[in-house]
>>> print(open('data21.cif').read())   # mmCIF, C-alpha atoms
data_entry
loop_
_atom_site.label_atom_id
_atom_site.label_comp_id
_atom_site.auth_asym_id
_atom_site.auth_seq_id
_atom_site.Cartn_x
_atom_site.Cartn_y
_atom_site.Cartn_z
CA MET A 1 2.60 2.24 12.96
CA ARG A 2 -0.76 3.50 14.16
CA ILE A 3 -2.17 7.01 13.69
CA LEU A 4 -5.24 8.67 15.19
CA ILE A 5 -6.98 11.29 13.03
CA VAL A 6 -9.15 13.74 14.98
CA GLU A 7 -11.18 15.55 12.32
CA ASP A 8 -14.91 16.23 12.03
CA GLU A 9 -14.81 16.85 8.28
CA GLN A 10 -15.56 13.27 7.29
CA LYS A 11 -14.48 13.61 3.66
CA LEU A 12 -11.10 15.08 4.62
CA ALA A 13 -10.57 12.52 7.38
CA GLU A 14 -11.38 9.60 5.08
CA GLY A 15 -9.09 11.00 2.37
CA ILE A 16 -6.15 11.25 4.78
CA LYS A 17 -6.91 7.80 6.18
CA LYS A 18 -6.97 6.25 2.70
CA GLY A 19 -3.67 7.87 1.72
CA LEU A 20 -1.92 6.79 4.93
CA GLU A 21 -3.23 3.24 4.75
CA LYS A 22 -1.80 2.93 1.22
CA ARG A 23 1.58 3.62 2.80
CA GLY A 24 1.20 0.93 5.43
CA TYR A 25 -0.12 2.84 8.42
CA ALA A 26 -3.02 1.68 10.59
CA VAL A 27 -5.45 4.58 11.02
CA ASP A 28 -8.40 5.38 13.30
CA ILE A 29 -10.72 8.37 12.98
CA VAL A 30 -12.50 10.31 15.75
CA GLY A 31 -14.70 13.31 14.92
CA ASP A 32 -15.28 14.78 18.38
CA GLY A 33 -12.84 16.54 20.72
CA ALA A 34 -14.08 15.02 23.98
CA GLU A 35 -14.11 11.53 22.46
CA ALA A 36 -10.58 12.07 21.15
CA LEU A 37 -9.32 13.09 24.59
CA THR A 38 -10.87 9.98 26.14
CA ARG A 39 -9.37 7.76 23.43
CA LEU A 40 -5.91 9.27 23.97
CA SER A 41 -6.14 9.00 27.73
CA VAL A 42 -7.18 5.36 27.70
CA HIS A 43 -5.22 4.13 24.66
CA ARG A 44 -2.17 6.42 24.76
CA ALA A 45 0.23 3.50 24.25
CA ASP A 46 -1.59 2.36 21.10
CA TYR A 47 -0.78 5.38 18.93
CA ASP A 48 2.46 6.59 17.37
CA LEU A 49 1.04 9.90 16.09
CA VAL A 50 -2.08 12.08 16.32
CA ILE A 51 -3.32 14.32 13.49
CA LEU A 52 -5.53 16.86 15.28
CA ASP A 53 -7.86 19.47 13.77
CA LEU A 54 -8.45 22.67 15.75
CA MET A 55 -12.16 23.16 15.04
CA LEU A 56 -13.96 20.25 16.68
CA PRO A 57 -17.28 19.56 18.45
CA SER A 58 -17.26 19.33 22.29
CA LYS A 59 -13.63 20.38 22.74
CA SER A 60 -11.33 22.37 20.49
CA GLY A 61 -8.04 21.02 19.24
CA HIS A 62 -6.25 23.42 21.61
CA GLU A 63 -8.16 22.00 24.57
CA VAL A 64 -7.57 18.40 23.49
CA CYS A 65 -3.86 19.05 23.11
CA GLU A 66 -3.46 20.89 26.42
CA GLU A 67 -5.49 18.39 28.43
CA ALA A 68 -3.80 15.39 26.80
CA ARG A 69 -0.38 16.77 27.73
CA SER A 70 -1.54 17.53 31.28
CA ARG A 71 -2.58 13.86 31.58
CA GLY A 72 0.87 12.67 30.55
CA VAL A 73 0.10 11.79 26.93
CA THR A 74 3.42 12.12 25.07
CA VAL A 75 2.48 10.86 21.59
CA PRO A 76 3.51 13.35 18.85
CA ILE A 77 0.65 15.67 17.78
CA LEU A 78 0.39 17.30 14.36
CA VAL A 79 -2.25 20.05 14.36
CA LEU A 80 -4.29 21.00 11.29
CA THR A 81 -5.24 24.69 11.30
CA ALA A 82 -6.92 27.10 8.91
CA ARG A 83 -5.05 30.03 10.47
CA ASN A 84 -1.54 31.18 9.66
CA GLU A 85 -0.95 34.04 12.09
CA THR A 86 2.32 34.03 14.06
CA GLU A 87 0.44 34.40 17.36
CA ASN A 88 -1.64 31.29 16.58
CA LYS A 89 1.47 29.26 15.71
CA VAL A 90 3.04 30.15 19.05
CA LYS A 91 -0.17 29.25 20.88
CA LEU A 92 -0.25 25.87 19.15
CA LEU A 93 3.29 25.00 20.16
CA LEU A 94 2.75 26.23 23.72
CA SER A 95 -0.35 24.03 24.00
CA GLY A 96 1.85 20.97 23.42
CA ALA A 97 1.64 20.44 19.67
CA ASP A 98 4.79 19.10 18.00
CA ASP A 99 4.06 20.60 14.60
CA TYR A 100 1.25 22.26 12.65
CA LEU A 101 0.04 22.31 9.05
CA VAL A 102 -2.04 25.13 7.57
CA LYS A 103 -5.08 24.26 5.46
CA PRO A 104 -5.33 23.79 2.56
CA PHE A 105 -2.37 21.43 2.20
CA SER A 106 -1.25 18.71 -0.17
CA PHE A 107 -1.19 15.10 0.99
CA GLU A 108 2.53 14.90 0.16
CA GLU A 109 3.19 17.80 2.53
CA LEU A 110 1.18 16.06 5.25
CA LEU A 111 3.08 12.85 4.64
CA ALA A 112 6.41 14.67 4.95
CA ARG A 113 5.35 16.11 8.32
CA VAL A 114 4.19 12.66 9.48
CA HIS A 115 7.51 11.08 8.52
CA ALA A 116 9.44 13.86 10.27
CA LEU A 117 7.49 13.44 13.52
CA LEU A 118 7.75 9.66 13.48
CA ARG A 119 11.52 10.02 13.19
CA ARG A 120 11.51 12.16 16.30
CA PRO A 121 10.87 9.68 19.16
CA VAL A 122 11.35 10.36 22.86
CA THR A 123 14.67 8.53 22.79
CA THR A 124 17.10 8.84 19.92
CA VAL A 125 16.48 6.22 17.25
CA PRO A 126 18.77 5.94 14.22
CA ASP A 127 17.23 6.82 10.86
CA ILE A 128 18.46 3.50 9.46
CA LEU A 129 17.82 0.44 11.63
CA LYS A 130 20.31 -2.45 11.57
CA ILE A 131 19.96 -5.92 13.09
CA ALA A 132 22.47 -8.62 12.11
CA GLU A 133 22.76 -8.37 8.30
CA ILE A 134 19.34 -6.71 7.91
CA GLU A 135 19.14 -2.97 7.27
CA LEU A 136 15.83 -1.08 7.23
CA ASP A 137 15.52 2.50 5.95
CA PRO A 138 12.17 4.03 7.08
CA GLY A 139 12.69 7.11 4.90
CA GLU A 140 13.21 5.22 1.66
CA HIS A 141 10.93 2.38 2.78
CA VAL A 142 13.58 -0.16 1.82
CA VAL A 143 14.95 -3.31 3.48
CA ARG A 144 18.33 -4.71 2.48
CA ARG A 145 20.53 -7.66 3.39
CA GLU A 146 24.21 -7.06 2.62
CA GLY A 147 23.19 -4.44 0.06
CA ALA A 148 20.61 -6.61 -1.72
CA GLU A 149 17.04 -5.34 -1.48
CA ILE A 150 14.38 -7.59 0.06
CA GLU A 151 10.91 -7.00 -1.33
CA LEU A 152 8.29 -6.75 1.42
CA THR A 153 4.60 -5.87 1.44
CA LEU A 154 3.55 -2.75 3.35
CA LYS A 155 2.39 -4.77 6.37
CA GLU A 156 5.54 -6.91 6.35
CA PHE A 157 7.64 -3.73 6.29
CA THR A 158 5.78 -2.11 9.20
CA LEU A 159 5.89 -5.37 11.14
CA LEU A 160 9.64 -5.70 10.66
CA GLU A 161 10.18 -2.04 11.57
CA TYR A 162 8.28 -2.56 14.82
CA PHE A 163 10.39 -5.62 15.66
CA MET A 164 13.61 -3.79 14.83
CA ARG A 165 12.66 -0.90 17.12
CA HIS A 166 12.17 -3.43 19.92
CA PRO A 167 15.15 -5.83 19.53
CA ASN A 168 15.40 -8.76 21.96
CA GLU A 169 12.04 -7.78 23.49
CA VAL A 170 9.14 -10.22 23.69
CA VAL A 171 6.34 -8.57 21.73
CA ASN A 172 2.85 -9.99 22.23
CA ARG A 173 0.24 -10.26 19.50
CA GLU A 174 -2.01 -7.67 21.15
CA ASP A 175 0.78 -5.05 20.96
CA LEU A 176 1.31 -5.79 17.28
CA LEU A 177 -2.41 -5.60 16.53
CA SER A 178 -2.80 -2.34 18.44
CA HIS A 179 0.13 -0.63 16.70
CA LEU A 180 -0.20 -1.98 13.17
CA TRP A 181 -3.93 -2.58 12.68
CA ASP A 182 -6.96 -0.42 13.45
CA PHE A 183 -9.59 -0.80 16.15
CA ASN A 184 -11.91 -2.76 13.87
CA TYR A 185 -9.54 -5.70 13.54
CA GLU A 186 -10.48 -8.93 15.24
CA SER A 187 -7.93 -9.69 17.96
CA PHE A 188 -8.62 -13.42 17.57
CA SER A 189 -7.53 -13.38 13.95
CA ASN A 190 -4.37 -15.28 12.99
CA VAL A 191 -3.36 -12.37 10.75
CA ILE A 192 -0.20 -11.71 12.81
CA ASP A 193 0.97 -15.31 12.51
CA VAL A 194 0.42 -15.28 8.75
CA HIS A 195 2.43 -12.08 8.27
CA VAL A 196 5.25 -13.27 10.54
CA LYS A 197 5.41 -16.55 8.63
CA ASN A 198 5.69 -14.69 5.31
CA LEU A 199 8.28 -12.32 6.76
CA ARG A 200 10.40 -15.24 7.96
CA LYS A 201 10.36 -16.78 4.48
CA LYS A 202 11.88 -13.59 3.09
CA LEU A 203 14.40 -12.95 5.87
CA ASP A 204 15.63 -16.36 6.98
CA ARG A 205 18.32 -18.47 5.35
CA ASP A 206 18.32 -22.23 5.07
CA GLY A 207 20.06 -23.97 7.94
CA GLU A 208 20.16 -20.85 10.13
CA PRO A 209 17.94 -20.05 13.14
CA SER A 210 15.07 -17.69 12.38
CA LEU A 211 15.66 -14.04 13.25
CA ILE A 212 12.13 -13.89 14.62
CA GLU A 213 11.59 -16.35 17.44
CA THR A 214 8.18 -17.59 18.57
CA VAL A 215 7.64 -17.20 22.31
CA ARG A 216 4.98 -19.81 22.91
CA GLY A 217 1.73 -18.46 24.33
CA ILE A 218 2.93 -14.84 24.20
CA GLY A 219 4.18 -13.62 20.83
CA TYR A 220 7.52 -13.05 19.14
CA ARG A 221 11.06 -11.77 19.69
CA LEU A 222 13.56 -10.47 17.16
CA ARG A 223 17.05 -11.73 17.96
CA ALA A 224 19.67 -9.00 17.79
#
>>> encode(input="data21.cif", output="structure tokens")
Amino acid sequence: MRILIVEDEQKLAEGIKKGLEKRGYAVDIVGDGAEALTRLSVHRADYDLVILDLMLPSKSGHEVCEEARSRGVTVPILVLTARNETENKVKLLLSGADDYLVKPFSFEELLARVHALLRRPVTTVPDILKIAEIELDPGEHVVRREGAEIELTLKEFTLLEYFMRHPNEVVNREDLLSHLWDFNYESFSNVIDVHVKNLRKKLDRDGEPSLIETVRGIGYRLRA
């Protein structure tokens, strides 16, 4: 999954980015409110979550949140604020924020909020995903087949989760790159093919059709 951090404190932003990437997320950073609003407006479908600071150059976090919602941006927004007054909390939620976190905070607390928001999609999605004999638990970060755990790398796990949230849909490589890798990744890279190949080796059984089909010239489809 892909997260946009909107934070002008570079050290804090880089620290959050590093921690999230260790847990398999693709992360982009923007340090300016106006730039963040433009990014969200143009690339709204590329992000699964926004972590938004209130105090920003050009536009405040409140303004970014309100204007993004007015433009039809529905991606979950977690606001970082240094204030803890009840009035401010209400204002945040009325501006369109889904949740808020008061500074200073621990990374584990941030991670818990991120997990909670990512489990709260527009349409109801089960906490545990099941396709055929494969079961994926996003909370525990575990994949099992008939009770036996399958060891996956972070990228393999996020790739499989994306497929399982879009069963029987043809997913193109550009969609996978935009959701699972950051903006700096080369779209011409064969990184997707390599990860899918490795994922198949761990999921497929000899003599049985692969769960992940190749749709020539387009991308892949997970058979459900």
>>> closest_residue(input="data21.cif", among="A:Arg165, A:Asp193, A:Arg44, A:Ala26", to="A:Ile128", atoms="all atoms listed in the file")
A:Arg165
>>> closest_residue(input="data21.cif", among="A:Leu94, A:Leu101, A:Ala68, A:Val6", to="A:Leu52", atoms="all atoms listed in the file")
A:Val6
>>> closest_residue(input="data21.cif", among="A:Ala82, A:Leu4, A:Ala45, A:Leu136", to="A:Asp175", atoms="all atoms listed in the file")
A:Ala45
>>> closest_atom_pairs(input="data21.cif", of="stretch 36-135 of chain A", to="stretch 201-220 of chain A", cutoff="12 Å", atoms="only C-alpha atoms", output="Markdown table")
| residue | atom | partner | partner_atom | distance |
| --- | --- | --- | --- | --- |
| A:Ile131 | CA | A:Leu211 | CA | 9.2 |
| A:Ala132 | CA | A:Leu211 | CA | 8.8 |
| A:Glu133 | CA | A:Leu203 | CA | 9.8 |
| A:Ile134 | CA | A:Leu203 | CA | 8.2 |
| A:Glu135 | CA | A:Leu203 | CA | 11.1 |
>>> closest_residue(input="data21.cif", among="A:Ser178, A:Asn198, A:Ser41, A:Gln10", to="A:Val75", atoms="only C-alpha atoms")
A:Ser41
>>> closest_residue(input="data21.cif", among="A:Asp48, A:Glu156, A:Glu161, A:Asp137", to="A:Val114", atoms="only C-alpha atoms")
A:Asp48
>>> atom_distance(input="data21.cif", atom1="atom CA of A:Arg2", atom2="atom CA of A:His179")
4.9 Å
>>> closest_residue(input="data21.cif", among="A:Ser70, A:Thr81, A:Thr38, A:Asn172", to="A:Asp53", atoms="all atoms listed in the file")
A:Thr81
>>> residues_around(input="data21.cif", residues="A:Lys17", least_positions_apart="3", cutoff="8 Å", atoms="all atoms listed in the file", output="PyMOL selection string")
chain A and resi 5+13-14+20-21+27-29
>>> resolve_selection(input="data21.cif", expression="the PyMOL selection byres ((chain A and resi 100) around 10)", output="number ranges by chain")
A: 51-53, 77-81, 84, 89, 92-93, 97-99, 101-103, 110, 113
>>> atom_distance(input="data21.cif", atom1="atom CA of A:His62", atom2="atom CA of A:Lys91")
8.5 Å
>>> atom_distance(input="data21.cif", atom1="atom CA of A:Ile3", atom2="atom CA of A:Arg39")
12.1 Å
>>> resolve_selection(input="data21.cif", expression="the PyMOL selection byres ((chain A and resi 64) around 9)", output="mmCIF file with C-alpha atoms, in the coordinates of the input")
data_model
loop_
_atom_site.group_PDB
_atom_site.id
_atom_site.type_symbol
_atom_site.label_atom_id
_atom_site.label_comp_id
_atom_site.auth_asym_id
_atom_site.auth_seq_id
_atom_site.Cartn_x
_atom_site.Cartn_y
_atom_site.Cartn_z
ATOM 1 C CA GLY A 33 -12.840 16.540 20.720
ATOM 2 C CA ALA A 34 -14.080 15.020 23.980
ATOM 3 C CA ALA A 36 -10.580 12.070 21.150
ATOM 4 C CA LEU A 37 -9.320 13.090 24.590
ATOM 5 C CA LEU A 52 -5.530 16.860 15.280
ATOM 6 C CA LEU A 54 -8.450 22.670 15.750
ATOM 7 C CA LYS A 59 -13.630 20.380 22.740
ATOM 8 C CA SER A 60 -11.330 22.370 20.490
ATOM 9 C CA GLY A 61 -8.040 21.020 19.240
ATOM 10 C CA HIS A 62 -6.250 23.420 21.610
ATOM 11 C CA GLU A 63 -8.160 22.000 24.570
ATOM 12 C CA CYS A 65 -3.860 19.050 23.110
ATOM 13 C CA GLU A 66 -3.460 20.890 26.420
ATOM 14 C CA GLU A 67 -5.490 18.390 28.430
ATOM 15 C CA ALA A 68 -3.800 15.390 26.800
ATOM 16 C CA ARG A 69 -0.380 16.770 27.730
#
>>> resolve_selection(input="data21.cif", expression="the PyMOL selection byres ((chain A and resi 166) around 12)", output="VMD selection string")
chain A and resid 125 129 to 131 159 to 165 167 to 172 175 to 176 212 220 to 224
>>> decode(input="data21.cif", residues="stretch 88-112 of chain A", atoms="N, CA and C atoms", output="JSON list (two decimals), in the first residue's frame")
[["chain", "number", "residue", "atom", "x", "y", "z"],
["A", 88, "ASN", "N", -10.31, 22.04, 18.84],
["A", 88, "ASN", "CA", -9.46, 21.75, 17.69],
["A", 88, "ASN", "C", -9.74, 20.37, 17.13],
["A", 89, "LYS", "N", -9.99, 19.40, 17.99],
["A", 89, "LYS", "CA", -10.31, 18.04, 17.54],
["A", 89, "LYS", "C", -11.57, 18.04, 16.69],
["A", 90, "VAL", "N", -12.59, 18.76, 17.15],
["A", 90, "VAL", "CA", -13.84, 18.84, 16.42],
["A", 90, "VAL", "C", -13.62, 19.49, 15.06],
["A", 91, "LYS", "N", -12.82, 20.57, 15.05],
["A", 91, "LYS", "CA", -12.53, 21.28, 13.80],
["A", 91, "LYS", "C", -11.83, 20.37, 12.81],
["A", 92, "LEU", "N", -10.91, 19.54, 13.31],
["A", 92, "LEU", "CA", -10.19, 18.61, 12.44],
["A", 92, "LEU", "C", -11.15, 17.63, 11.78],
["A", 93, "LEU", "N", -12.04, 17.05, 12.57],
["A", 93, "LEU", "CA", -12.95, 16.05, 12.03],
["A", 93, "LEU", "C", -13.98, 16.69, 11.09],
["A", 94, "LEU", "N", -14.38, 17.92, 11.38],
["A", 94, "LEU", "CA", -15.31, 18.61, 10.50],
["A", 94, "LEU", "C", -14.65, 19.00, 9.18],
["A", 95, "SER", "N", -13.34, 19.18, 9.19],
["A", 95, "SER", "CA", -12.63, 19.55, 7.96],
["A", 95, "SER", "C", -12.48, 18.37, 7.01],
["A", 96, "GLY", "N", -12.77, 17.16, 7.52],
["A", 96, "GLY", "CA", -12.70, 15.98, 6.66],
["A", 96, "GLY", "C", -11.66, 14.97, 7.07],
["A", 97, "ALA", "N", -10.95, 15.24, 8.16],
["A", 97, "ALA", "CA", -9.95, 14.28, 8.64],
["A", 97, "ALA", "C", -10.64, 13.02, 9.18],
["A", 98, "ASP", "N", -9.99, 11.87, 9.00],
["A", 98, "ASP", "CA", -10.55, 10.62, 9.51],
["A", 98, "ASP", "C", -10.08, 10.33, 10.94],
["A", 99, "ASP", "N", -8.92, 10.84, 11.28],
["A", 99, "ASP", "CA", -8.36, 10.62, 12.61],
["A", 99, "ASP", "C", -7.27, 11.66, 12.84],
["A", 100, "TYR", "N", -6.84, 11.81, 14.07],
["A", 100, "TYR", "CA", -5.77, 12.76, 14.39],
["A", 100, "TYR", "C", -4.85, 12.15, 15.44],
["A", 101, "LEU", "N", -3.63, 12.64, 15.48],
["A", 101, "LEU", "CA", -2.63, 12.16, 16.43],
["A", 101, "LEU", "C", -1.89, 13.37, 16.97],
["A", 102, "VAL", "N", -1.84, 13.50, 18.30],
["A", 102, "VAL", "CA", -1.23, 14.67, 18.93],
["A", 102, "VAL", "C", 0.26, 14.45, 19.12],
["A", 103, "LYS", "N", 1.06, 15.42, 18.69],
["A", 103, "LYS", "CA", 2.50, 15.38, 18.90],
["A", 103, "LYS", "C", 2.82, 15.74, 20.36],
["A", 104, "PRO", "N", 3.87, 15.16, 20.94],
["A", 104, "PRO", "CA", 4.71, 14.09, 20.37],
["A", 104, "PRO", "C", 4.01, 12.74, 20.49],
["A", 105, "PHE", "N", 4.37, 11.81, 19.62],
["A", 105, "PHE", "CA", 3.74, 10.49, 19.61],
["A", 105, "PHE", "C", 4.82, 9.44, 19.35],
["A", 106, "SER", "N", 4.52, 8.21, 19.73],
["A", 106, "SER", "CA", 5.44, 7.13, 19.44],
["A", 106, "SER", "C", 5.14, 6.57, 18.06],
["A", 107, "PHE", "N", 6.14, 5.97, 17.42],
["A", 107, "PHE", "CA", 5.90, 5.40, 16.10],
["A", 107, "PHE", "C", 4.90, 4.27, 16.19],
["A", 108, "GLU", "N", 4.92, 3.49, 17.26],
["A", 108, "GLU", "CA", 3.97, 2.38, 17.40],
["A", 108, "GLU", "C", 2.53, 2.88, 17.46],
["A", 109, "GLU", "N", 2.34, 4.05, 18.10],
["A", 109, "GLU", "CA", 0.99, 4.62, 18.14],
["A", 109, "GLU", "C", 0.57, 5.07, 16.75],
["A", 110, "LEU", "N", 1.49, 5.69, 16.02],
["A", 110, "LEU", "CA", 1.20, 6.09, 14.64],
["A", 110, "LEU", "C", 0.85, 4.87, 13.79],
["A", 111, "LEU", "N", 1.63, 3.82, 13.94],
["A", 111, "LEU", "CA", 1.41, 2.60, 13.16],
["A", 111, "LEU", "C", 0.04, 2.01, 13.46],
["A", 112, "ALA", "N", -0.37, 2.04, 14.72],
["A", 112, "ALA", "CA", -1.69, 1.52, 15.10],
["A", 112, "ALA", "C", -2.80, 2.31, 14.44]]
